[in-house]
file target36.txt (compact mmCIF, C-alpha atoms and all ligand atoms)
# COMPACT_ATOMS: atom_id res chain seq x y z
CA MET A 1 0.00 0.00 0.00
CA GLN A 2 1.22 3.47 -0.88
CA LYS A 3 1.78 5.55 2.23
CA ASN A 4 0.71 9.17 1.79
CA THR A 5 3.25 11.49 3.28
CA VAL A 6 1.57 14.80 3.81
CA ASN A 7 3.46 17.64 5.50
CA ASN A 8 1.70 19.72 8.12
CA ASP A 9 0.66 22.63 5.87
CA GLU A 10 -0.59 20.27 3.22
CA GLU A 11 -2.38 18.21 5.85
CA LYS A 12 -4.10 21.34 7.16
CA ALA A 13 -5.10 22.48 3.65
CA LEU A 14 -6.46 19.02 2.94
CA ARG A 15 -8.43 18.85 6.20
CA ASP A 16 -9.84 22.39 5.65
CA LYS A 17 -10.99 21.46 2.19
CA ILE A 18 -12.55 18.17 3.30
CA SER A 19 -14.27 19.77 6.26
CA GLY A 20 -16.47 21.70 3.78
CA ILE A 21 -17.79 18.43 2.35
CA ASP A 22 -20.65 16.86 4.22
CA ARG A 23 -20.72 13.35 2.72
CA LYS A 24 -17.96 11.68 0.75
CA ILE A 25 -19.03 8.63 -1.21
CA VAL A 26 -16.66 6.38 -3.14
CA VAL A 27 -18.39 4.43 -5.92
CA LEU A 28 -16.81 0.99 -6.24
CA SER A 29 -17.19 -2.09 -8.42
CA GLY A 30 -15.44 -5.44 -8.55
CA LYS A 31 -14.49 -5.04 -12.20
CA GLY A 32 -14.79 -2.63 -15.12
CA GLY A 33 -17.74 -2.32 -17.46
CA VAL A 34 -20.47 -2.83 -14.88
CA GLY A 35 -21.64 0.77 -15.19
CA LYS A 36 -19.85 2.35 -12.23
CA SER A 37 -19.17 5.63 -14.07
CA THR A 38 -22.70 5.68 -15.48
CA VAL A 39 -24.07 5.25 -11.96
CA SER A 40 -21.69 7.88 -10.53
CA VAL A 41 -22.70 10.49 -13.13
CA ASN A 42 -26.42 9.80 -12.91
CA LEU A 43 -26.40 9.71 -9.12
CA ALA A 44 -24.42 12.95 -8.87
CA LEU A 45 -26.85 14.60 -11.26
CA SER A 46 -29.91 13.15 -9.51
CA LEU A 47 -28.64 14.49 -6.18
CA ALA A 48 -28.02 17.89 -7.80
CA LEU A 49 -31.52 17.88 -9.32
CA LEU A 50 -32.85 17.14 -5.83
CA GLY A 51 -31.28 20.43 -4.77
CA LYS A 52 -28.05 19.15 -3.20
CA LYS A 53 -24.65 20.75 -3.77
CA VAL A 54 -22.65 17.99 -5.42
CA GLY A 55 -19.06 17.41 -6.50
CA LEU A 56 -18.22 14.62 -8.93
CA LEU A 57 -14.61 13.48 -8.89
CA ASP A 58 -13.29 10.99 -11.43
CA ILE A 59 -10.15 9.31 -10.08
CA ASP A 60 -10.02 6.65 -12.79
CA ILE A 61 -6.62 7.92 -13.86
CA HIS A 62 -6.11 5.30 -16.60
CA GLY A 63 -9.56 5.46 -18.12
CA PRO A 64 -11.41 8.63 -17.17
CA SER A 65 -14.83 8.22 -18.78
CA ILE A 66 -16.69 11.04 -17.06
CA PRO A 67 -15.59 13.73 -19.61
CA THR A 68 -16.94 11.53 -22.43
CA MET A 69 -20.19 10.90 -20.61
CA LEU A 70 -20.65 14.63 -20.08
CA ASP A 71 -19.50 15.52 -23.61
CA MET A 72 -16.64 17.48 -22.12
CA THR A 73 -13.62 15.79 -23.68
CA GLN A 74 -12.43 19.15 -25.02
CA THR A 75 -13.04 20.94 -21.71
CA ARG A 76 -9.98 21.92 -19.66
CA ALA A 77 -10.09 22.94 -16.02
CA VAL A 78 -8.62 26.37 -15.32
CA SER A 79 -7.12 27.87 -12.21
CA ASP A 80 -7.90 31.18 -10.53
CA GLY A 81 -4.24 31.47 -9.57
CA TYR A 82 -4.76 29.68 -6.27
CA GLU A 83 -7.01 26.73 -6.88
CA ILE A 84 -8.20 24.53 -9.76
CA LEU A 85 -11.75 25.49 -10.69
CA PRO A 86 -14.03 22.50 -11.16
CA VAL A 87 -16.12 22.39 -14.31
CA GLU A 88 -19.83 23.11 -14.17
CA LEU A 89 -22.38 21.25 -16.22
CA GLY A 90 -24.28 23.83 -18.26
CA ASP A 91 -27.02 25.42 -16.21
CA ILE A 92 -26.65 23.03 -13.29
CA GLU A 93 -24.62 25.25 -11.01
CA ASN A 94 -24.82 22.95 -8.02
CA LEU A 95 -22.84 20.17 -9.76
CA LYS A 96 -19.06 20.57 -9.97
CA VAL A 97 -16.95 18.07 -11.86
CA ILE A 98 -13.25 17.23 -11.89
CA SER A 99 -11.54 14.50 -13.85
CA ILE A 100 -7.95 13.85 -14.83
CA GLY A 101 -9.31 14.19 -18.38
CA PHE A 102 -9.76 17.95 -17.74
CA LEU A 103 -6.09 18.33 -16.87
CA LEU A 104 -4.46 16.42 -19.74
CA GLU A 105 -3.01 18.48 -22.56
CA LYS A 106 -4.76 16.43 -25.22
CA PRO A 107 -7.87 14.34 -24.58
CA ASP A 108 -6.19 11.15 -25.82
CA ASP A 109 -2.94 11.55 -23.85
CA ALA A 110 -2.24 8.32 -22.05
CA VAL A 111 -1.45 8.59 -18.39
CA ILE A 112 1.36 6.30 -17.33
CA TRP A 113 1.92 6.97 -13.67
CA ARG A 114 3.33 4.91 -10.92
CA GLY A 115 1.80 4.57 -7.46
CA PRO A 116 3.27 7.69 -5.74
CA MET A 117 2.32 9.94 -8.67
CA LYS A 118 -1.22 8.61 -8.65
CA ALA A 119 -1.52 9.22 -4.92
CA GLY A 120 -0.12 12.76 -5.46
CA MET A 121 -2.70 13.48 -8.15
CA ILE A 122 -5.57 12.29 -5.98
CA LYS A 123 -4.28 14.44 -3.13
CA GLN A 124 -4.22 17.43 -5.49
CA PHE A 125 -7.80 16.70 -6.59
CA LEU A 126 -8.93 16.81 -2.99
CA LYS A 127 -6.75 19.62 -1.73
CA ASP A 128 -6.26 22.05 -4.64
CA VAL A 129 -9.69 22.01 -6.27
CA LYS A 130 -12.09 24.78 -5.30
CA TRP A 131 -14.94 22.53 -4.21
CA GLY A 132 -16.52 25.01 -1.82
CA LYS A 133 -19.24 23.74 0.49
CA LEU A 134 -20.67 20.47 -0.75
CA ASP A 135 -23.46 18.22 0.48
CA PHE A 136 -22.00 15.28 -1.46
CA LEU A 137 -18.72 14.43 -3.13
CA ILE A 138 -19.26 11.41 -5.40
CA ILE A 139 -15.97 9.76 -6.30
CA ASP A 140 -15.89 7.50 -9.36
CA CYS A 141 -13.08 5.07 -8.53
CA PRO A 142 -11.18 2.69 -10.80
CA PRO A 143 -12.59 -0.86 -10.77
CA GLY A 144 -11.31 -3.37 -8.22
CA THR A 145 -9.69 -2.69 -4.90
CA GLY A 146 -6.37 -1.12 -5.87
CA ASP A 147 -4.03 1.51 -4.48
CA GLU A 148 -5.88 4.53 -5.85
CA ILE A 149 -8.94 3.67 -3.80
CA LEU A 150 -6.88 3.00 -0.70
CA SER A 151 -5.07 6.34 -1.12
CA THR A 152 -8.36 8.16 -1.56
CA VAL A 153 -9.93 6.59 1.51
CA GLN A 154 -6.80 7.36 3.56
CA LEU A 155 -6.66 10.96 2.36
CA LEU A 156 -10.33 11.59 3.05
CA GLY A 157 -9.94 10.27 6.58
CA ALA A 158 -12.92 9.41 8.74
CA GLY A 159 -16.45 9.56 7.41
CA VAL A 160 -16.05 8.09 3.94
CA GLU A 161 -18.87 5.88 2.69
CA ALA A 162 -19.06 3.43 -0.20
CA VAL A 163 -21.69 2.69 -2.80
CA VAL A 164 -21.00 -0.61 -4.57
CA VAL A 165 -22.21 -1.24 -8.12
CA THR A 166 -22.67 -4.73 -9.47
CA THR A 167 -24.43 -6.56 -12.30
CA PRO A 168 -26.32 -9.86 -12.18
CA GLN A 169 -23.36 -11.60 -13.90
CA GLU A 170 -20.83 -10.03 -11.55
CA VAL A 171 -22.77 -11.30 -8.55
CA ALA A 172 -22.18 -14.82 -9.90
CA ALA A 173 -18.49 -14.07 -10.51
CA ALA A 174 -17.78 -13.16 -6.89
CA ASP A 175 -16.12 -9.82 -7.83
CA VAL A 176 -18.68 -7.81 -5.92
CA ARG A 177 -17.94 -9.80 -2.77
CA LYS A 178 -14.30 -8.73 -3.07
CA SER A 179 -15.40 -5.09 -3.09
CA LEU A 180 -17.62 -5.64 -0.07
CA ASN A 181 -14.92 -7.57 1.79
CA PHE A 182 -12.56 -4.68 0.99
CA CYS A 183 -15.03 -2.29 2.69
CA VAL A 184 -15.16 -4.61 5.70
CA LYS A 185 -11.36 -4.66 5.94
CA LEU A 186 -11.12 -0.86 5.75
CA GLY A 187 -14.08 -0.35 8.08
CA LEU A 188 -15.84 1.63 5.33
CA PRO A 189 -19.56 1.89 5.96
CA VAL A 190 -21.49 0.81 2.88
CA THR A 191 -24.36 3.16 2.02
CA GLY A 192 -25.70 0.48 -0.26
CA LEU A 193 -25.43 -1.87 -3.18
CA ILE A 194 -26.88 -1.17 -6.65
CA GLU A 195 -27.55 -3.86 -9.25
CA ASN A 196 -27.03 -2.31 -12.68
CA MET A 197 -27.97 -3.88 -16.04
CA SER A 198 -30.61 -5.81 -14.19
CA GLY A 199 -33.13 -6.98 -16.79
CA PHE A 200 -33.83 -5.27 -20.13
CA VAL A 201 -36.35 -2.52 -20.78
CA CYS A 202 -37.72 -2.67 -24.32
CA PRO A 203 -37.42 0.81 -25.88
CA HIS A 204 -40.63 0.17 -27.88
CA CYS A 205 -43.12 -1.17 -25.39
CA GLY A 206 -41.34 -0.32 -22.13
CA ARG A 207 -41.68 -3.93 -20.90
CA ARG A 208 -38.94 -5.36 -18.75
CA THR A 209 -37.39 -8.77 -19.51
CA ASP A 210 -34.94 -10.45 -17.15
CA ILE A 211 -32.25 -11.73 -19.52
CA PHE A 212 -29.92 -12.86 -16.77
CA LYS A 213 -31.05 -14.09 -13.42
CA THR A 214 -31.63 -10.93 -11.38
CA GLY A 215 -31.97 -10.47 -7.64
CA GLY A 216 -28.42 -11.62 -6.84
CA GLY A 217 -27.46 -8.09 -5.80
CA GLU A 218 -30.23 -8.00 -3.25
CA LYS A 219 -29.18 -11.40 -1.91
CA THR A 220 -25.56 -10.31 -1.67
CA ALA A 221 -26.61 -7.12 0.12
CA ARG A 222 -28.49 -9.24 2.65
CA ALA A 223 -25.50 -11.58 3.15
CA PHE A 224 -23.29 -8.58 3.96
CA LYS A 225 -26.03 -6.80 5.91
CA VAL A 226 -25.78 -3.68 3.76
CA PRO A 227 -28.75 -1.73 2.38
CA TYR A 228 -29.93 -2.60 -1.11
CA LEU A 229 -30.44 0.65 -2.98
CA GLY A 230 -32.17 -0.72 -6.08
CA SER A 231 -31.68 -2.02 -9.58
CA ILE A 232 -31.26 -0.22 -12.90
CA PRO A 233 -32.24 -2.16 -16.03
CA ILE A 234 -30.25 -2.44 -19.25
CA ASP A 235 -31.68 0.53 -21.06
CA PRO A 236 -30.52 1.59 -24.54
CA ALA A 237 -31.29 5.18 -23.51
CA VAL A 238 -28.50 4.94 -20.91
CA VAL A 239 -25.97 4.15 -23.66
CA ASP A 240 -27.32 6.88 -25.99
CA SER A 241 -27.17 9.40 -23.16
CA GLY A 242 -23.58 8.38 -22.37
CA ASP A 243 -22.63 8.71 -26.04
CA GLU A 244 -24.38 12.04 -26.41
CA GLY A 245 -22.80 13.49 -23.31
CA LEU A 246 -26.00 14.20 -21.46
CA PRO A 247 -26.67 11.83 -18.60
CA LEU A 248 -29.98 10.01 -18.73
CA VAL A 249 -31.46 11.69 -15.69
CA LYS A 250 -31.14 15.05 -17.45
CA ARG A 251 -31.90 13.93 -21.01
CA LEU A 252 -34.93 11.76 -20.26
CA GLU A 253 -36.02 12.94 -16.86
CA HIS A 254 -39.27 10.98 -16.97
CA SER A 255 -37.91 7.66 -18.24
CA GLN A 256 -38.13 4.60 -16.00
CA SER A 257 -34.34 4.48 -15.47
CA ALA A 258 -34.14 8.19 -14.62
CA ILE A 259 -36.88 7.73 -12.02
CA LEU A 260 -35.01 4.74 -10.59
CA PHE A 261 -31.77 6.75 -10.32
CA SER A 262 -33.63 9.53 -8.60
CA ALA A 263 -35.21 7.05 -6.16
CA ILE A 264 -31.74 5.68 -5.36
CA ALA A 265 -30.44 9.22 -4.81
CA GLU A 266 -33.28 9.84 -2.37
CA LYS A 267 -32.42 6.64 -0.50
CA ILE A 268 -28.78 7.76 -0.28
CA ILE A 269 -29.90 11.07 1.20
CA ILE A 270 -31.92 9.19 3.83
CA ASN A 271 -29.39 6.37 4.40
CA ASN A 272 -26.96 8.74 5.99
CA THR A 273 -24.50 6.25 7.38
CA LEU A 274 -22.93 8.98 9.47
CA THR A 275 -25.95 10.41 11.21
CA ASN A 276 -27.82 7.10 11.25
CA GLY A 277 -24.96 5.62 13.22
CA ILE A 278 -22.20 3.76 11.49
CA GLU A 279 -22.72 0.70 13.66
CA LYS A 280 -26.19 0.24 12.32
CA LEU A 281 -25.05 0.05 8.75
CA GLN A 282 -21.58 -1.31 9.37
CA THR A 283 -20.88 -3.99 6.85
CA THR A 284 -20.33 -7.45 8.20
CA ALA A 285 -18.01 -9.87 6.53
CA GLU A 286 -19.44 -12.65 4.48
CA GLU A 287 -20.22 -15.49 6.82
CA THR A 288 -19.33 -18.43 4.64
CA MET A 289 -16.42 -19.31 2.39
CA LYS A 290 -15.83 -21.87 -0.34
CA ILE A 291 -12.74 -24.02 -0.49
CA ALA A 292 -11.95 -26.30 -3.45
CA VAL A 293 -10.01 -29.55 -3.14
CA PRO A 294 -9.10 -31.65 -6.23
CA VAL A 295 -10.19 -35.23 -5.50
CA ALA A 296 -9.61 -38.77 -6.76
CA ASN A 297 -11.19 -41.78 -5.05
CA GLY A 298 -12.49 -39.66 -2.21
CA LEU A 299 -9.06 -38.29 -1.27
CA LEU A 300 -6.96 -35.29 -2.31
CA ASN A 301 -5.62 -35.70 -5.84
CA ALA A 302 -2.01 -34.54 -5.67
CA HIS A 303 -1.94 -33.87 -9.40
CA PHE A 304 -4.02 -30.73 -9.62
CA GLY A 305 -3.75 -30.28 -13.38
CA HIS A 306 -5.02 -33.80 -14.08
CA CYS A 307 -7.87 -33.78 -11.63
CA ASP A 308 -11.32 -34.79 -12.88
CA THR A 309 -13.39 -33.74 -9.89
CA PHE A 310 -13.32 -30.90 -7.38
CA ALA A 311 -14.90 -31.09 -3.96
CA ILE A 312 -16.22 -27.60 -3.27
CA ILE A 313 -16.70 -27.24 0.43
CA THR A 314 -18.67 -24.44 2.04
CA ALA A 315 -17.68 -23.57 5.60
CA ASP A 316 -18.94 -21.11 8.18
CA LYS A 317 -16.15 -18.61 8.85
CA THR A 318 -17.14 -17.99 12.45
CA SER A 319 -17.85 -21.48 13.72
CA LYS A 320 -15.26 -22.97 11.29
CA LYS A 321 -17.73 -25.80 10.58
CA ILE A 322 -18.34 -27.35 7.17
CA THR A 323 -21.89 -26.68 6.02
CA ASN A 324 -21.89 -28.22 2.54
CA ARG A 325 -19.88 -30.33 0.09
CA GLU A 326 -20.53 -30.46 -3.61
CA ASP A 327 -18.49 -32.64 -5.98
CA VAL A 328 -18.24 -31.05 -9.42
CA PRO A 329 -16.61 -32.48 -12.55
CA ALA A 330 -13.62 -30.38 -13.65
CA PRO A 331 -14.01 -28.34 -16.86
CA PRO A 332 -12.03 -29.34 -20.00
CA HIS A 333 -8.25 -29.06 -19.54
CA GLU A 334 -7.64 -25.70 -21.15
CA PRO A 335 -4.86 -23.37 -20.08
CA GLY A 336 -6.12 -20.61 -17.83
CA LEU A 337 -9.66 -21.95 -17.58
CA LEU A 338 -9.59 -23.35 -14.04
CA PRO A 339 -8.97 -20.10 -12.12
CA LYS A 340 -11.91 -18.41 -13.87
CA TRP A 341 -14.14 -21.47 -13.47
CA LEU A 342 -13.41 -21.80 -9.75
CA GLY A 343 -13.64 -18.01 -9.25
CA GLU A 344 -17.11 -18.01 -10.81
CA LYS A 345 -18.14 -20.65 -8.31
CA GLY A 346 -17.14 -18.29 -5.51
CA VAL A 347 -14.09 -20.31 -4.44
CA GLU A 348 -11.71 -18.27 -2.26
CA THR A 349 -9.12 -20.93 -1.42
CA ILE A 350 -7.71 -24.08 -3.05
CA ILE A 351 -6.02 -26.81 -1.09
CA THR A 352 -3.82 -28.97 -3.29
CA GLY A 353 -0.78 -31.24 -3.31
CA GLY A 354 1.06 -29.37 -6.02
CA MET A 355 0.66 -26.72 -8.64
CA GLY A 356 2.98 -25.21 -11.23
CA ASN A 357 4.06 -21.60 -10.74
CA LYS A 358 2.27 -20.35 -13.84
CA ALA A 359 -1.07 -21.75 -12.70
CA ARG A 360 -0.44 -20.41 -9.22
CA SER A 361 0.07 -16.89 -10.50
CA LEU A 362 -3.23 -17.09 -12.41
CA PHE A 363 -5.02 -17.96 -9.18
CA VAL A 364 -3.26 -15.14 -7.35
CA GLU A 365 -4.49 -12.75 -10.07
CA MET A 366 -8.03 -13.96 -9.36
CA GLU A 367 -7.35 -13.35 -5.64
CA ILE A 368 -7.80 -17.07 -4.94
CA GLU A 369 -5.46 -18.32 -2.23
CA VAL A 370 -3.55 -21.50 -3.09
CA VAL A 371 -2.37 -23.82 -0.32
CA VAL A 372 0.14 -26.33 -1.76
CA GLY A 373 1.85 -29.38 -0.30
CA ALA A 374 -1.28 -30.70 1.44
CA PRO A 375 -1.25 -34.39 2.47
CA ILE A 376 -3.46 -37.03 0.84
CA GLU A 377 -6.53 -36.92 3.07
CA THR A 378 -10.28 -36.49 2.73
CA PRO A 379 -11.33 -32.98 1.65
CA GLU A 380 -13.27 -32.52 4.92
CA LYS A 381 -10.21 -33.32 7.05
CA LEU A 382 -8.05 -30.94 5.00
CA VAL A 383 -10.58 -28.11 5.19
CA GLU A 384 -11.17 -28.57 8.91
CA SER A 385 -7.47 -28.46 9.72
CA TYR A 386 -7.00 -25.49 7.36
CA LEU A 387 -9.75 -23.57 9.15
CA GLU A 388 -8.28 -24.45 12.55
CA GLY A 389 -4.86 -23.34 11.34
CA SER A 390 -3.35 -26.79 11.91
CA LEU A 391 -2.99 -27.97 8.31
CA LYS A 392 0.53 -29.37 7.89
CA THR A 393 1.86 -28.82 4.38
CA GLY A 394 4.98 -30.27 2.81
CA GLU A 395 6.67 -29.63 -0.51
CA ASN A 396 4.85 -28.41 -3.60
CA VAL A 397 4.42 -31.79 -5.35
CA CYS A 398 5.52 -31.44 -8.96
CA ASP A 399 2.48 -31.10 -11.12
CA HIS A 400 3.94 -32.05 -14.49
P1 LIG A 501 -17.56 1.18 -15.64
O1 LIG A 501 -17.42 2.57 -15.10
O2 LIG A 501 -18.00 0.19 -14.61
O3 LIG A 501 -16.36 0.70 -16.41
P2 LIG A 501 -19.40 2.38 -17.55
O4 LIG A 501 -20.26 3.22 -16.71
O5 LIG A 501 -18.32 3.04 -18.36
O6 LIG A 501 -18.77 1.18 -16.70
O7 LIG A 501 -20.38 1.54 -18.50
C1 LIG A 501 -19.89 0.62 -19.45
C2 LIG A 501 -20.82 0.67 -20.67
O8 LIG A 501 -22.09 0.14 -20.30
C3 LIG A 501 -21.07 2.07 -21.20
O9 LIG A 501 -21.12 2.00 -22.61
C4 LIG A 501 -22.45 2.44 -20.65
O10 LIG A 501 -23.15 3.33 -21.50
C5 LIG A 501 -23.12 1.08 -20.60
N1 LIG A 501 -24.13 1.00 -19.52
C6 LIG A 501 -23.95 1.20 -18.20
N2 LIG A 501 -25.09 1.03 -17.52
C7 LIG A 501 -26.04 0.71 -18.44
C8 LIG A 501 -27.44 0.40 -18.40
N3 LIG A 501 -28.10 0.39 -17.24
N4 LIG A 501 -28.07 0.12 -19.56
C9 LIG A 501 -27.40 0.10 -20.73
N5 LIG A 501 -26.09 0.38 -20.84
C10 LIG A 501 -25.42 0.68 -19.73
call {"tool": "encode", "arguments": {"input": "target36.txt", "output": "structure tokens", "more": "lines below"}}
Ligand code: ADP
result
Amino acid sequence: MQKNTVNNDEEKALRDKISGIDRKIVVLSGKGGVGKSTVSVNLALSLALLGKKVGLLDIDIHGPSIPTMLDMTQTRAVSDGYEILPVELGDIENLKVISIGFLLEKPDDAVIWRGPMKAGMIKQFLKDVKWGKLDFLIIDCPPGTGDEILSTVQLLGAGVEAVVVTTPQEVAAADVRKSLNFCVKLGLPVTGLIENMSGFVCPHCGRRTDIFKTGGGEKTARAFKVPYLGSIPIDPAVVDSGDEGLPLVKRLEHSQSAILFSAIAEKIIINNTLTNGIEKLQTTAEETMKIAVPVANGLLNAHFGHCDTFAIITADKTSKKITNREDVPAPPHEPGLLPKWLGEKGVETIITGGMGNKARSLFVEMEIEVVVGAPIETPEKLVESYLEGSLKTGENVCDH
């Protein structure tokens, strides 16, 4: 994690600036493309249309999409000699926007920055921008749980909240749980979860069809004991609005999706995690976890790559008891397929005899823990001793 060294004057300037902002909300998602920026823009605008003073900050340094969504790719932020002036959106004076895109010389300039520079830029966004008094600062973060988000949360200090955006498919892929577990680890209160691209609204008849199984977001919210803020359907008008640079809630104020965004904004105003008491809405960690063990003849199969069946064991994290075992045939032996396949099943840990380094790194990328060198035992025995912390592992058995 990048440590933010802030000298005393800078620290004071930062604190002064932040003290003028009532609620600071980071918008998170497990991966890209789920509509996090779309939600950030439409929520910021909905809050502004409800009369709130709103700042919208795009810290997606590698792929700032807010300028495109607001048709402001040619817009450059200017300074009054002391501070950077945020950009206003036409006649909506109570919405102020800042994105790295407004500071680049050319709109298509690539930004190749290392950790410290990124942290420095985020600090500048918070400290040197003339935000003024704000009711809400909505921060569109990069996808995942990387350093930029950590830096932002650290710089903002106490009183940051998170809104997590997911899609029905992402719920199945476990990415959203990573975002929620990240909030648990940081002690970030979660204002709520939004399921985007949830069902399809026909532009002709207005009827909604659930293409993918919906409702997973609500279930996940319940599992983590965080509020469910609502679902936004797949709506071609959302894409058109993004392309045309006028967010849906402004372009089609009376459309179903715009009304849904506005309803979510109202819930956010009411779900004030700070005045409602953080404890009440404090996220709780997921209670169960899934552990996969490759098996052959009922025991651990030491040759991970050749395994035909996986025992997927569900265990209660608190009581450390096994609550379920499901034996699933392995997918076809294709390079790189297993990590994705197991990740989609919600597996967090694999216990195995051996695994090649290449495969191991693929699991690490998926944030799946790999325990190698486990003895040949029943999956239950291995999982129980792993949960108790008494699993004895030996050498990584060669997998070739
Ligand atoms: P992220 O910020 O998570 O990467 P974006 O907000 O950039 O995702 O959205 C990715 C694409 O999906 C964009 O083209 C956007 O217009 C589209 N999109 C997002 N939400 C919806 C929706 N509810 N209906 C239809 N298209 C959507």
call {"tool": "residues_near_point", "arguments": {"input": "target36.txt", "point": "(-6.1, 14.6, -9.0)", "cutoff": "9 Å", "atoms": "all atoms listed in the file", "output": "list of chain:residue names"}}
result
A:Leu57, A:Asp58, A:Ile59, A:Ile61, A:Ile98, A:Ser99, A:Ile100, A:Leu103, A:Lys118, A:Ala119, A:Gly120, A:Met121, A:Ile122, A:Lys123, A:Gln124, A:Phe125, A:Leu126, A:Lys127, A:Asp128, A:Val129
call {"tool": "residues_near_ligand", "arguments": {"input": "target36.txt", "ligand": "ligand LIG 501 (chain A)", "cutoff": "8 Å", "atoms": "all atoms listed in the file", "output": "number ranges by chain"}}
result
A: 29, 31-40, 65, 140, 142-143, 165, 196-198, 200, 232-243, 257
call {"tool": "closest_residue", "arguments": {"input": "target36.txt", "among": "A:Val370, A:Ala258, A:Ile66, A:Leu382", "to": "Leu299 (chain A)", "atoms": "only C-alpha atoms"}}
result
A:Leu382
call {"tool": "atom_distance", "arguments": {"input": "target36.txt", "atom1": "CA of Ile351 (chain A)", "atom2": "CA of Lys178 (chain A)"}}
result
20.0 Å
call {"tool": "atom_distance", "arguments": {"input": "target36.txt", "atom1": "CA of Ala162 (chain A)", "atom2": "CA of Thr191 (chain A)"}}
result
5.8 Å
call {"tool": "closest_residue", "arguments": {"input": "target36.txt", "among": "A:Ile264, A:Leu28, A:Ala77, A:Ile350", "to": "Val153 (chain A)", "atoms": "only C-alpha atoms"}}
result
A:Leu28
call {"tool": "closest_residue", "arguments": {"input": "target36.txt", "among": "A:Glu83, A:Asp91, A:Glu10, A:Asp175", "to": "Thr145 (chain A)", "atoms": "only C-alpha atoms"}}
result
A:Asp175
call {"tool": "residues_around", "arguments": {"input": "target36.txt", "residues": "Asp316 (chain A)", "least_positions_apart": "5", "cutoff": "9 Å", "atoms": "only C-alpha atoms", "output": "PyMOL selection string"}}
result
chain A and resi 287-289+321-323
call {"tool": "atom_distance", "arguments": {"input": "target36.txt", "atom1": "CA of Asp135 (chain A)", "atom2": "CA of Asp22 (chain A)"}}
result
4.9 Å
call {"tool": "residues_around", "arguments": {"input": "target36.txt", "residues": "Ile268 (chain A)", "least_positions_apart": "2", "cutoff": "10 Å", "atoms": "all atoms listed in the file", "output": "list in words"}}
result
Ile25, Leu43, Leu47, Val163, Thr191, Gly192, Pro227, Leu229, Ser262, Ala263, Ile264, Ala265, Glu266, Ile270, Asn271, Asn272 and Thr273 of chain A
call {"tool": "residues_around", "arguments": {"input": "target36.txt", "residues": "Gly101 (chain A)", "least_positions_apart": "5", "cutoff": "8 Å", "atoms": "only C-alpha atoms", "output": "list in words"}}
result
Pro64, Pro67, Thr73, Arg76 and Pro107 of chain A
call {"tool": "residues_around", "arguments": {"input": "target36.txt", "residues": "Lys17 (chain A)", "least_positions_apart": "2", "cutoff": "10 Å", "atoms": "only C-alpha atoms", "output": "MDAnalysis selection string"}}
result
chainID A and resid 11:15 19:21 126:133 156
call {"tool": "closest_residue", "arguments": {"input": "target36.txt", "among": "A:Gly90, A:Gly30, A:Gly216, A:Pro168", "to": "Gly146 (chain A)", "atoms": "only C-alpha atoms"}}
result
A:Gly30
call {"tool": "closest_residue", "arguments": {"input": "target36.txt", "among": "A:Gln154, A:Thr393, A:Thr75, A:Asn324", "to": "Glu88 (chain A)", "atoms": "all atoms listed in the file"}}
result
A:Thr75
call {"tool": "residues_around", "arguments": {"input": "target36.txt", "residues": "Cys183 (chain A)", "least_positions_apart": "4", "cutoff": "12 Å", "atoms": "all atoms listed in the file", "output": "PyMOL selection string"}}
result
chain A and resi 26-30+144-145+149-150+153+160-164+176-179+187-193+224+226+281-286
